[in-house]
file work20.txt (compact mmCIF, C-alpha atoms)
# COMPACT_ATOMS: atom_id res chain seq x y z
CA MET A 1 245.00 -27.53 126.03
CA THR A 2 243.28 -24.24 125.31
CA SER A 3 240.21 -23.49 127.42
CA THR A 4 236.94 -23.95 125.59
CA VAL A 5 234.57 -22.44 128.15
CA ASP A 6 232.32 -19.79 126.64
CA SER A 7 231.61 -16.50 128.38
CA ALA A 8 230.97 -12.77 127.91
CA ARG A 9 228.78 -11.94 124.90
CA SER A 10 225.82 -14.34 124.93
CA THR A 11 225.80 -17.19 122.47
CA SER A 12 222.28 -16.23 121.38
CA ASP A 13 223.51 -12.73 120.52
CA VAL A 14 226.39 -14.25 118.55
CA ALA A 15 223.97 -16.51 116.68
CA ASP A 16 221.62 -13.63 115.84
CA THR A 17 224.45 -11.38 114.68
CA LEU A 18 225.96 -14.14 112.57
CA GLY A 19 222.58 -14.92 111.05
CA ALA A 20 222.19 -11.32 109.92
CA VAL A 21 225.65 -11.25 108.31
CA ILE A 22 224.95 -14.56 106.56
CA ASP A 23 221.60 -13.37 105.22
CA GLU A 24 222.86 -9.97 104.08
CA VAL A 25 226.36 -10.76 102.81
CA ILE A 26 227.70 -14.31 103.03
CA ARG A 27 224.92 -16.29 101.35
CA PRO A 28 224.33 -13.83 98.48
CA GLN A 29 228.04 -13.67 97.60
CA ALA A 30 228.81 -17.39 97.93
CA PRO A 31 228.08 -18.38 94.29
CA SER A 32 230.20 -15.57 92.85
CA VAL A 33 233.06 -16.21 95.29
CA ASP A 34 233.14 -19.79 94.03
CA ARG A 35 232.52 -19.00 90.37
CA GLU A 36 235.12 -16.22 90.12
CA GLY A 37 237.59 -17.59 92.67
CA VAL A 38 237.76 -14.27 94.51
CA PHE A 39 238.61 -13.68 98.15
CA PRO A 40 235.37 -13.04 100.10
CA ARG A 41 236.50 -9.64 101.31
CA SER A 42 233.04 -8.17 101.83
CA GLY A 43 231.98 -11.15 103.94
CA VAL A 44 235.14 -11.09 106.04
CA ASP A 45 234.78 -7.35 106.57
CA ALA A 46 231.15 -7.77 107.58
CA LEU A 47 232.11 -10.45 110.11
CA ALA A 48 234.83 -8.18 111.46
CA ALA A 49 232.47 -5.20 111.76
CA ALA A 50 229.99 -7.39 113.63
CA GLY A 51 232.65 -8.36 116.17
CA LEU A 52 232.71 -11.99 115.09
CA LEU A 53 236.42 -12.21 114.25
CA GLY A 54 237.23 -11.31 117.85
CA LEU A 55 235.04 -13.98 119.44
CA ALA A 56 237.99 -16.06 120.68
CA SER A 57 239.94 -13.06 121.96
CA SER A 58 240.07 -12.32 125.66
CA THR A 59 237.67 -9.80 127.12
CA GLU A 60 240.78 -8.25 128.67
CA VAL A 61 241.69 -6.85 125.24
CA GLY A 62 238.13 -6.19 124.10
CA GLY A 63 237.32 -9.57 122.61
CA GLY A 64 234.28 -11.77 122.91
CA GLY A 65 235.75 -14.11 125.51
CA HIS A 66 234.27 -17.19 123.88
CA GLY A 67 235.81 -20.62 123.66
CA MET A 68 235.93 -23.33 121.08
CA ARG A 69 232.30 -24.43 121.21
CA THR A 70 230.81 -21.11 120.13
CA VAL A 71 233.55 -20.57 117.57
CA ALA A 72 232.92 -24.05 116.14
CA GLU A 73 229.24 -23.20 115.74
CA VAL A 74 230.21 -20.05 113.82
CA VAL A 75 232.47 -22.02 111.46
CA GLU A 76 229.79 -24.67 110.98
CA ARG A 77 227.16 -22.11 109.98
CA LEU A 78 229.54 -20.29 107.66
CA ALA A 79 230.57 -23.54 105.96
CA ALA A 80 226.93 -24.34 105.27
CA GLU A 81 226.74 -21.16 103.19
CA CYS A 82 230.24 -20.45 101.84
CA GLY A 83 233.12 -22.85 102.31
CA SER A 84 235.71 -20.28 101.28
CA THR A 85 234.62 -17.74 103.89
CA ALA A 86 234.46 -20.46 106.52
CA MET A 87 238.03 -21.58 105.78
CA VAL A 88 239.38 -18.04 105.99
CA VAL A 89 237.68 -17.59 109.36
CA LEU A 90 238.78 -21.03 110.57
CA MET A 91 242.44 -20.25 109.88
CA HIS A 92 242.05 -16.84 111.52
CA TYR A 93 240.78 -18.42 114.73
CA ALA A 94 243.52 -21.07 114.74
CA ALA A 95 246.20 -18.40 114.40
CA THR A 96 244.46 -16.23 116.98
CA ALA A 97 244.87 -19.03 119.53
CA VAL A 98 248.66 -18.70 119.24
CA ILE A 99 248.60 -14.92 119.33
CA GLU A 100 246.33 -14.93 122.38
CA ALA A 101 248.83 -17.19 124.16
CA HIS A 102 252.09 -15.60 123.03
CA GLY A 103 251.49 -12.47 120.93
CA PRO A 104 251.81 -8.78 121.78
CA ARG A 105 248.90 -7.03 123.44
CA GLU A 106 248.43 -4.49 120.64
CA VAL A 107 247.93 -7.24 118.04
CA ARG A 108 245.59 -9.12 120.37
CA ALA A 109 243.54 -5.96 120.81
CA ALA A 110 243.43 -5.34 117.06
CA ILE A 111 242.14 -8.87 116.47
CA ALA A 112 239.61 -8.49 119.29
CA THR A 113 238.08 -5.39 117.73
CA GLY A 114 237.99 -6.79 114.18
CA GLY A 115 240.80 -4.69 112.74
CA HIS A 116 243.22 -7.54 112.13
CA LEU A 117 242.87 -10.73 110.07
CA THR A 118 245.50 -13.36 110.77
CA THR A 119 246.30 -16.85 109.48
CA LEU A 120 248.77 -19.74 109.70
CA ALA A 121 251.82 -20.08 107.45
CA PHE A 122 253.11 -23.58 108.20
CA SER A 123 253.19 -25.76 105.06
CA GLU A 124 256.38 -25.53 103.00
CA TYR A 125 257.58 -26.77 99.65
CA GLY A 126 260.26 -28.90 101.26
CA SER A 127 258.07 -30.73 103.77
CA ARG A 128 254.59 -30.21 102.26
CA SER A 129 251.85 -31.42 104.61
CA HIS A 130 254.38 -32.43 107.30
CA PHE A 131 253.95 -29.07 109.03
CA TRP A 132 255.94 -30.36 112.02
CA SER A 133 259.13 -30.41 109.94
CA PRO A 134 259.84 -26.85 108.71
CA THR A 135 262.71 -26.23 106.31
CA GLY A 136 262.63 -22.42 106.36
CA THR A 137 265.39 -20.78 108.37
CA ALA A 138 265.74 -18.09 111.02
CA THR A 139 269.11 -16.44 111.62
CA VAL A 140 270.27 -13.55 113.79
CA THR A 141 271.76 -10.70 111.74
CA ASP A 142 274.53 -8.28 112.62
CA ASP A 143 272.04 -5.61 113.67
CA GLY A 144 270.27 -7.99 116.06
CA SER A 145 267.18 -8.53 113.93
CA VAL A 146 266.08 -11.98 112.77
CA ARG A 147 266.20 -12.93 109.11
CA LEU A 148 263.52 -15.36 107.88
CA ASP A 149 263.90 -17.27 104.62
CA ALA A 150 261.31 -19.80 103.47
CA ARG A 151 259.09 -20.98 100.64
CA LYS A 152 255.63 -21.59 102.04
CA SER A 153 253.61 -23.80 99.71
CA TRP A 154 250.04 -22.78 100.59
CA VAL A 155 248.87 -20.04 102.93
CA THR A 156 245.17 -19.32 103.34
CA SER A 157 244.36 -15.60 102.96
CA ALA A 158 247.80 -15.01 101.43
CA GLY A 159 248.09 -11.35 100.56
CA GLU A 160 244.83 -10.62 102.36
CA ALA A 161 245.72 -11.20 106.02
CA THR A 162 247.25 -8.56 108.28
CA SER A 163 249.71 -11.01 109.83
CA TYR A 164 250.98 -14.57 109.55
CA VAL A 165 251.85 -17.02 112.30
CA TRP A 166 255.03 -18.25 110.67
CA SER A 167 257.04 -21.41 111.37
CA SER A 168 260.77 -21.88 110.89
CA LEU A 169 263.69 -23.93 112.05
CA PRO A 170 264.95 -22.58 115.40
CA LEU A 171 267.65 -19.96 115.77
CA SER A 172 269.72 -22.44 117.74
CA GLY A 173 270.24 -25.89 116.28
CA ASP A 174 269.76 -27.63 119.61
CA ALA A 175 266.77 -25.56 120.78
CA GLY A 176 264.04 -27.79 119.33
CA PRO A 177 262.39 -28.59 116.00
CA MET A 178 260.44 -25.39 115.31
CA THR A 179 260.07 -21.74 116.25
CA LEU A 180 257.02 -19.56 115.63
CA TRP A 181 257.06 -15.89 114.60
CA LEU A 182 254.44 -13.20 114.11
CA VAL A 183 255.13 -11.76 110.66
CA PRO A 184 253.35 -8.54 109.59
CA ALA A 185 251.92 -8.63 106.09
CA ASP A 186 253.80 -5.49 105.08
CA SER A 187 257.22 -6.93 105.90
CA ALA A 188 259.90 -6.23 103.29
CA GLY A 189 260.99 -9.45 101.62
CA LEU A 190 257.58 -11.11 101.89
CA THR A 191 255.95 -11.93 98.57
CA VAL A 192 252.88 -13.79 97.37
CA SER A 193 253.01 -15.62 94.06
CA GLY A 194 250.47 -17.03 91.68
CA SER A 195 246.75 -17.40 92.14
CA PHE A 196 244.53 -20.13 93.50
CA ASP A 197 242.49 -21.94 90.87
CA GLY A 198 241.39 -24.95 92.87
CA LEU A 199 238.71 -27.59 92.68
CA GLY A 200 236.95 -26.24 95.77
CA LEU A 201 237.29 -23.48 98.37
CA ARG A 202 238.01 -21.31 95.38
CA GLY A 203 237.91 -18.01 97.27
CA ASN A 204 240.04 -18.90 100.26
CA GLY A 205 243.12 -17.14 98.85
CA SER A 206 245.45 -20.10 99.39
CA ARG A 207 248.66 -19.18 97.60
CA PRO A 208 252.42 -19.71 97.92
CA MET A 209 254.42 -17.18 99.91
CA THR A 210 258.15 -16.56 99.98
CA ALA A 211 260.29 -14.90 102.64
CA ASP A 212 263.56 -13.73 101.13
CA GLY A 213 265.67 -11.86 103.66
CA LEU A 214 262.56 -10.88 105.62
CA ARG A 215 263.53 -9.13 108.86
CA VAL A 216 261.60 -9.21 112.12
CA PRO A 217 262.66 -8.10 115.60
CA PRO A 218 263.51 -10.80 118.16
CA THR A 219 260.29 -9.87 119.96
CA ALA A 220 258.34 -11.32 117.02
CA MET A 221 259.16 -14.77 118.38
CA MET A 222 256.12 -16.44 119.96
CA ALA A 223 257.01 -18.77 122.84
CA ALA A 224 260.63 -19.84 123.29
CA ASP A 225 263.08 -20.68 120.53
CA GLY A 226 262.48 -24.28 119.51
CA ALA A 227 259.16 -24.50 121.37
CA GLY A 228 257.07 -23.96 118.25
CA LEU A 229 256.15 -27.60 117.79
CA ASP A 230 254.87 -27.89 121.35
CA THR A 231 252.80 -24.75 120.73
CA ALA A 232 251.56 -26.10 117.40
CA LEU A 233 250.52 -29.41 118.94
CA GLY A 234 249.16 -28.07 122.22
CA THR A 235 247.54 -24.80 121.12
CA VAL A 236 247.06 -24.71 117.35
CA LEU A 237 246.16 -28.33 116.66
CA PRO A 238 243.09 -28.58 118.95
CA TRP A 239 241.59 -25.42 117.44
CA PHE A 240 242.50 -26.35 113.89
CA LEU A 241 241.23 -29.93 114.02
CA VAL A 242 238.03 -29.20 115.92
CA LEU A 243 237.16 -26.26 113.68
CA ASN A 244 237.87 -28.38 110.61
CA ALA A 245 235.37 -30.90 111.92
CA ALA A 246 232.84 -28.11 112.40
CA PHE A 247 233.56 -26.96 108.85
CA CYS A 248 232.87 -30.47 107.55
CA LEU A 249 229.70 -30.72 109.63
CA GLY A 250 228.37 -27.51 108.14
CA LEU A 251 228.97 -28.73 104.60
CA ALA A 252 227.45 -32.15 105.29
CA ASP A 253 224.40 -30.81 107.10
CA SER A 254 223.63 -28.28 104.38
CA ALA A 255 224.03 -30.94 101.69
CA VAL A 256 221.57 -33.24 103.46
CA ALA A 257 219.11 -30.38 103.93
CA GLU A 258 219.34 -29.40 100.26
CA ALA A 259 218.87 -33.00 99.17
CA GLY A 260 215.81 -33.30 101.41
CA ARG A 261 214.27 -30.16 99.93
CA HIS A 262 214.91 -31.37 96.41
CA LEU A 263 213.42 -34.82 97.02
CA THR A 264 210.34 -33.26 98.62
CA ALA A 265 209.71 -30.59 96.01
CA THR A 266 210.44 -32.58 92.84
CA THR A 267 207.64 -34.67 91.35
CA LEU A 268 207.35 -36.99 88.38
CA THR A 269 204.70 -35.67 86.00
CA HIS A 270 203.76 -39.05 84.59
CA THR A 271 203.02 -40.55 88.04
CA GLY A 272 202.39 -37.54 90.25
CA ALA A 273 204.73 -38.99 92.86
CA ALA A 274 207.45 -36.95 94.56
CA LEU A 275 210.98 -38.31 94.60
CA ARG A 276 210.64 -38.78 98.35
CA ASP A 277 207.86 -41.32 97.79
CA ALA A 278 210.35 -44.01 96.78
CA PRO A 279 211.39 -46.11 99.82
CA VAL A 280 214.92 -46.58 98.52
CA THR A 281 215.33 -42.82 98.16
CA ARG A 282 214.09 -42.26 101.73
CA ARG A 283 216.46 -44.95 102.97
CA ASP A 284 219.45 -43.35 101.29
CA LEU A 285 218.57 -39.91 102.63
CA ALA A 286 218.22 -41.38 106.12
CA ARG A 287 221.68 -42.89 105.88
CA LEU A 288 223.16 -39.50 105.04
CA MET A 289 221.29 -37.90 107.92
CA ILE A 290 222.52 -40.53 110.37
CA ARG A 291 226.13 -40.13 109.24
CA THR A 292 225.86 -36.39 109.67
CA ASP A 293 224.20 -36.63 113.08
CA ALA A 294 226.88 -39.10 114.21
CA LEU A 295 229.56 -36.56 113.29
CA ARG A 296 227.68 -33.87 115.22
CA ALA A 297 227.55 -36.11 118.29
CA PHE A 298 231.26 -36.96 118.05
CA LEU A 299 232.19 -33.30 117.64
CA GLY A 300 230.06 -32.43 120.67
CA ASP A 301 231.78 -35.13 122.71
CA THR A 302 235.19 -33.85 121.61
CA LEU A 303 234.31 -30.35 122.80
CA THR A 304 233.06 -31.74 126.10
CA ALA A 305 236.29 -33.71 126.52
CA LEU A 306 238.28 -30.51 126.04
CA GLU A 307 236.07 -28.45 128.31
CA THR A 308 236.22 -30.95 131.16
CA GLY A 309 239.87 -31.93 130.75
CA ARG A 310 238.99 -35.54 130.09
CA ALA A 311 241.88 -38.00 129.75
CA ASP A 312 240.90 -38.85 126.17
CA ALA A 313 240.65 -35.23 125.01
CA MET A 314 243.71 -35.30 122.75
CA LEU A 315 242.65 -38.63 121.26
CA ARG A 316 239.23 -37.19 120.46
CA VAL A 317 240.86 -34.13 118.86
CA LEU A 318 242.95 -36.33 116.59
CA GLN A 319 239.99 -38.52 115.71
CA VAL A 320 237.44 -35.81 114.98
CA LYS A 321 238.97 -34.34 111.81
CA ALA A 322 239.66 -37.79 110.36
CA LEU A 323 236.06 -38.79 111.00
CA ALA A 324 234.77 -35.48 109.67
CA GLY A 325 236.81 -35.59 106.47
CA GLU A 326 235.57 -39.03 105.54
CA THR A 327 231.99 -38.27 106.60
CA VAL A 328 231.63 -35.08 104.59
CA ALA A 329 233.13 -36.70 101.50
CA GLU A 330 230.67 -39.59 101.68
CA VAL A 331 227.65 -37.44 102.58
CA THR A 332 228.16 -34.88 99.82
CA ASP A 333 228.81 -37.66 97.32
CA GLY A 334 225.60 -39.38 98.45
CA ALA A 335 223.62 -36.16 98.18
CA MET A 336 224.87 -35.69 94.63
CA GLN A 337 223.70 -39.18 93.71
CA LEU A 338 220.31 -38.71 95.36
CA CYS A 339 219.60 -35.53 93.43
CA GLY A 340 220.81 -36.91 90.11
CA GLY A 341 221.37 -34.59 87.19
CA SER A 342 219.96 -31.62 89.09
CA ALA A 343 222.92 -31.81 91.48
CA PHE A 344 225.35 -31.08 88.65
CA ARG A 345 223.77 -27.70 88.02
CA LYS A 346 224.87 -24.68 90.02
CA GLU A 347 221.40 -23.82 91.31
CA LEU A 348 221.23 -26.34 94.14
CA GLY A 349 224.69 -25.54 95.44
CA LEU A 350 225.35 -29.24 95.95
CA GLU A 351 228.21 -29.50 93.49
CA ARG A 352 229.93 -26.57 95.24
CA ARG A 353 229.62 -28.29 98.62
CA PHE A 354 230.83 -31.53 97.04
CA ARG A 355 233.94 -29.79 95.72
CA ASP A 356 234.59 -27.88 98.94
CA SER A 357 234.34 -31.08 100.96
CA ARG A 358 237.30 -32.67 99.17
CA ALA A 359 239.75 -30.38 100.96
CA ALA A 360 239.33 -31.87 104.44
CA ARG A 361 241.09 -35.13 103.61
CA VAL A 362 244.21 -33.47 102.25
CA MET A 363 244.61 -30.46 104.55
CA ALA A 364 247.51 -31.04 106.92
CA PRO A 365 247.46 -33.08 109.00
CA THR A 366 245.86 -35.28 106.33
CA SER A 367 243.45 -38.07 107.16
CA ASP A 368 246.23 -40.63 106.65
CA ALA A 369 248.51 -38.75 109.05
CA LEU A 370 245.73 -38.53 111.62
CA TYR A 371 245.05 -42.26 111.40
CA ASP A 372 248.72 -42.82 112.17
CA PHE A 373 248.59 -40.36 115.09
CA VAL A 374 245.51 -42.07 116.52
CA GLY A 375 247.15 -45.47 116.19
CA ARG A 376 250.27 -44.22 117.92
CA VAL A 377 248.30 -42.78 120.83
CA ALA A 378 246.21 -45.95 121.09
CA THR A 379 249.32 -48.14 121.33
CA GLY A 380 251.29 -45.96 123.71
CA LEU A 381 253.72 -44.45 121.19
CA PRO A 382 254.65 -40.75 121.12
CA LEU A 383 252.77 -38.67 118.57
CA LEU A 384 255.95 -38.11 116.57
CA ASP A 385 259.24 -39.95 116.43
CA GLU A 386 262.18 -38.10 117.97
CA ALA A 387 263.61 -37.64 114.49
CA ASN A 388 260.56 -35.53 113.64
CA ARG A 389 260.67 -33.41 116.80
call {"tool": "encode", "arguments": {"input": "work20.txt", "output": "structure tokens"}}
result
Amino acid sequence: MTSTVDSARSTSDVADTLGAVIDEVIRPQAPSVDREGVFPRSGVDALAAAGLLGLASSTEVGGGGHGMRTVAEVVERLAAECGSTAMVVLMHYAATAVIEAHGPREVRAAIATGGHLTTLAFSEYGSRSHFWSPTGTATVTDDGSVRLDARKSWVTSAGEATSYVWSSLPLSGDAGPMTLWLVPADSAGLTVSGSFDGLGLRGNGSRPMTADGLRVPPTAMMAADGAGLDTALGTVLPWFLVLNAAFCLGLADSAVAEAGRHLTATTLTHTGAALRDAPVTRRDLARLMIRTDALRAFLGDTLTALETGRADAMLRVLQVKALAGETVAEVTDGAMQLCGGSAFRKELGLERRFRDSRAARVMAPTSDALYDFVGRVATGLPLLDEANR
């Protein structure tokens, strides 16, 4: 498990800095990012300039030295304002965890100082959301370089990131199920196709990518040949799942807050009563609040389990995204119903949060896959069958 203990730059300083970037850049651009489906470049650049993209990098290379708890709080606050920006940052941190563990020092330093945006490139056309079963190949060429060929189905920040943590079949057939590579964005043979015109997260730049004869040096391999799945499960997955839960929490919390404001401020002219004056309305709002607070408590317990090395830490990690995906879908749906026709207009921002929340259930590993993982752990089975390893 990756350490989650926070250090170095104070969390209060991080919170203040993030608040300023949100107020000045992220919140104002959120509606247009969603409406136009454009990558939130100005927001990402502002976060980088403020040192917030290097929070999880080691102080040894100039990073913030923070662990998962502070990073989760950053993702949560970003998601409350702009889901697309939050997803870009989430994927950056998940990929950073691999690079911190196995990447070259110069790339780690570039990430630490905000000069390098990275992301994961795992999902493929052949295996879709089964990220643990890559179909893309890696072969040694006559000149000693490694040739990568693959069709990645969806890559967040495609064409916008500086590098990609790339999965493939191993060089050696008996080495293991997966190998990870650090692929520079300017690699010859790497192309991005199409555009992303999705229901939600419309600015996250999730597009297909193809490697056709892409060459990287053998030193681009991260961890040993065939050890990529162990790295994905032990390093990437905790960061990815926990930060996804934080993402969902931010969306749910902001939806509840917006619904509360609307119910308080809106009155019926013919009676003079506010919408909040109806007991049934207050009851329904309370239910949404309780669901959201329950997710916050579970996420906090998951972080504590990781920080203290508790025996149930991996179980909590697997549970938290499944819980979060279902919670945010129900809470945003409930907030839409509470606010009625007003929620369908763009002004409240509820319909945007509703749309953004749909992604959590289907992002790999999907909620259904996580339920299976949790059931396997609970009954003493391995996380994956040998055929999938």
call {"tool": "closest_residue", "arguments": {"input": "work20.txt", "among": "A:Gly334, A:Thr308, A:Ala265, A:Phe39", "to": "Asp284 of chain A", "atoms": "all atoms listed in the file"}}
result
A:Gly334
call {"tool": "closest_atom_pairs", "arguments": {"input": "work20.txt", "of": "segment 36-125 of chain A", "to": "segment 241-246 of chain A", "cutoff": "9 Å", "atoms": "only C-alpha atoms", "output": "Markdown table"}}
result
| residue | atom | partner | partner_atom | distance |
| --- | --- | --- | --- | --- |
| A:Met68 | CA | A:Leu243 | CA | 8.1 |
| A:Val71 | CA | A:Leu243 | CA | 7.8 |
| A:Ala72 | CA | A:Leu243 | CA | 5.4 |
| A:Glu73 | CA | A:Ala246 | CA | 6.9 |
| A:Val74 | CA | A:Ala246 | CA | 8.6 |
| A:Val75 | CA | A:Ala246 | CA | 6.2 |
| A:Glu76 | CA | A:Ala246 | CA | 4.8 |
| A:Arg77 | CA | A:Ala246 | CA | 8.6 |
| A:Ala79 | CA | A:Ala246 | CA | 8.2 |
| A:Met87 | CA | A:Asn244 | CA | 8.3 |
| A:Leu90 | CA | A:Leu243 | CA | 6.3 |
| A:Met91 | CA | A:Leu243 | CA | 8.9 |
| A:Tyr93 | CA | A:Leu243 | CA | 8.7 |
| A:Ala94 | CA | A:Leu243 | CA | 8.3 |
call {"tool": "axis_aligned_box", "arguments": {"input": "work20.txt", "around": "segment 215-231 of chain A", "padding_each_side": "4 Å", "output": "JSON"}}
result
{"center_x": 258.2, "center_y": -18.0, "center_z": 116.1, "size_x": 18.7, "size_y": 27.8, "size_z": 22.4}
call {"tool": "residues_near_point", "arguments": {"input": "work20.txt", "point": "(244.3, -17.8, 121.4)", "cutoff": "10 Å", "atoms": "all atoms listed in the file", "output": "list in words"}}
result
Thr2, Ser3, Ala56, Ser57, Ser58, Gly67, Tyr93, Ala94, Ala95, Thr96, Ala97, Val98, Ile99, Glu100, Ala101, His102, Gly103, Arg108, Thr235, Val236 and Trp239 of chain A
call {"tool": "residues_around", "arguments": {"input": "work20.txt", "residues": "Cys339 of chain A", "least_positions_apart": "3", "cutoff": "12 Å", "atoms": "only C-alpha atoms", "output": "ChimeraX atom specification"}}
result
/A:255-266,275-276,281,284-285,332-336,342-345,348-351
call {"tool": "residues_around", "arguments": {"input": "work20.txt", "residues": "Gly173 of chain A", "least_positions_apart": "3", "cutoff": "12 Å", "atoms": "all atoms listed in the file", "output": "PyMOL selection string"}}
result
chain A and resi 137-139+168-170+176-179+225-226
call {"tool": "closest_residue", "arguments": {"input": "work20.txt", "among": "A:Pro238, A:Gly83, A:Gly114, A:Gly341", "to": "Gly63 of chain A", "atoms": "all atoms listed in the file"}}
result
A:Gly114
call {"tool": "residues_around", "arguments": {"input": "work20.txt", "residues": "Gly54 of chain A", "least_positions_apart": "4", "cutoff": "10 Å", "atoms": "only C-alpha atoms", "output": "ChimeraX atom specification"}}
result
/A:47-50,58-59,61-66,71,92-93,96,108-117
call {"tool": "atom_distance", "arguments": {"input": "work20.txt", "atom1": "atom CA of Asp293 of chain A", "atom2": "atom CA of Ala322 of chain A"}}
result
15.7 Å
call {"tool": "residues_around", "arguments": {"input": "work20.txt", "residues": "Ala313 of chain A", "least_positions_apart": "5", "cutoff": "10 Å", "atoms": "all atoms listed in the file", "output": "list in words"}}
result
Met1, Pro238, Asp301, Thr302, Leu303, Thr304, Ala305, Leu306, Glu307, Thr308, Leu318 and Gln319 of chain A
call {"tool": "closest_residue", "arguments": {"input": "work20.txt", "among": "A:Gly200, A:Gly340, A:Pro184, A:Gly234", "to": "Gly37 of chain A", "atoms": "only C-alpha atoms"}}
result
A:Gly200
call {"tool": "closest_residue", "arguments": {"input": "work20.txt", "among": "A:Thr210, A:Ser42, A:Thr156, A:Ser195", "to": "Val21 of chain A", "atoms": "all atoms listed in the file"}}
result
A:Ser42
call {"tool": "atom_distance", "arguments": {"input": "work20.txt", "atom1": "atom CA of Ser193 of chain A", "atom2": "atom CA of Val216 of chain A"}}
result
21.0 Å
call {"tool": "atom_distance", "arguments": {"input": "work20.txt", "atom1": "atom CA of Val183 of chain A", "atom2": "atom CA of Phe196 of chain A"}}
result
21.8 Å
call {"tool": "build_atoms", "arguments": {"input": "work20.txt", "residues": "segment 264-269 of chain A", "atoms": "all heavy atoms", "output": "CSV table (one decimal), in the coordinates of the input"}}
result
chain,number,residue,atom,x,y,z
A,264,THR,N,211.7,-33.6,98.2
A,264,THR,CA,210.3,-33.3,98.6
A,264,THR,C,209.6,-32.4,97.5
A,264,THR,O,208.4,-32.7,97.3
A,264,THR,CB,210.4,-32.5,99.9
A,264,THR,OG1,211.0,-33.3,101.0
A,264,THR,CG2,208.9,-32.1,100.4
A,265,ALA,N,210.3,-31.5,96.9
A,265,ALA,CA,209.7,-30.6,96.0
A,265,ALA,C,209.6,-31.1,94.6
A,265,ALA,O,208.8,-30.6,93.8
A,265,ALA,CB,210.5,-29.3,96.0
A,266,THR,N,210.4,-32.1,94.2
A,266,THR,CA,210.4,-32.6,92.8
A,266,THR,C,209.5,-33.7,92.6
A,266,THR,O,209.5,-34.7,93.4
A,266,THR,CB,211.9,-33.0,92.5
A,266,THR,OG1,212.8,-31.9,92.7
A,266,THR,CG2,212.0,-33.4,91.0
A,267,THR,N,208.6,-33.6,91.6
A,267,THR,CA,207.6,-34.7,91.4
A,267,THR,C,207.8,-35.2,89.9
A,267,THR,O,208.4,-34.5,89.1
A,267,THR,CB,206.2,-34.2,91.5
A,267,THR,OG1,206.0,-33.0,90.6
A,267,THR,CG2,205.9,-33.7,93.0
A,268,LEU,N,207.3,-36.4,89.7
A,268,LEU,CA,207.4,-37.0,88.4
A,268,LEU,C,206.0,-36.8,87.7
A,268,LEU,O,205.0,-37.2,88.3
A,268,LEU,CB,207.6,-38.5,88.5
A,268,LEU,CG,209.0,-38.9,89.1
A,268,LEU,CD1,209.1,-40.4,89.3
A,268,LEU,CD2,210.1,-38.3,88.3
A,269,THR,N,206.0,-36.1,86.6
A,269,THR,CA,204.7,-35.7,86.0
A,269,THR,C,203.9,-36.9,85.6
A,269,THR,O,202.6,-36.9,85.8
A,269,THR,CB,205.0,-34.8,84.8
A,269,THR,OG1,205.7,-33.6,85.2
A,269,THR,CG2,203.7,-34.3,84.1
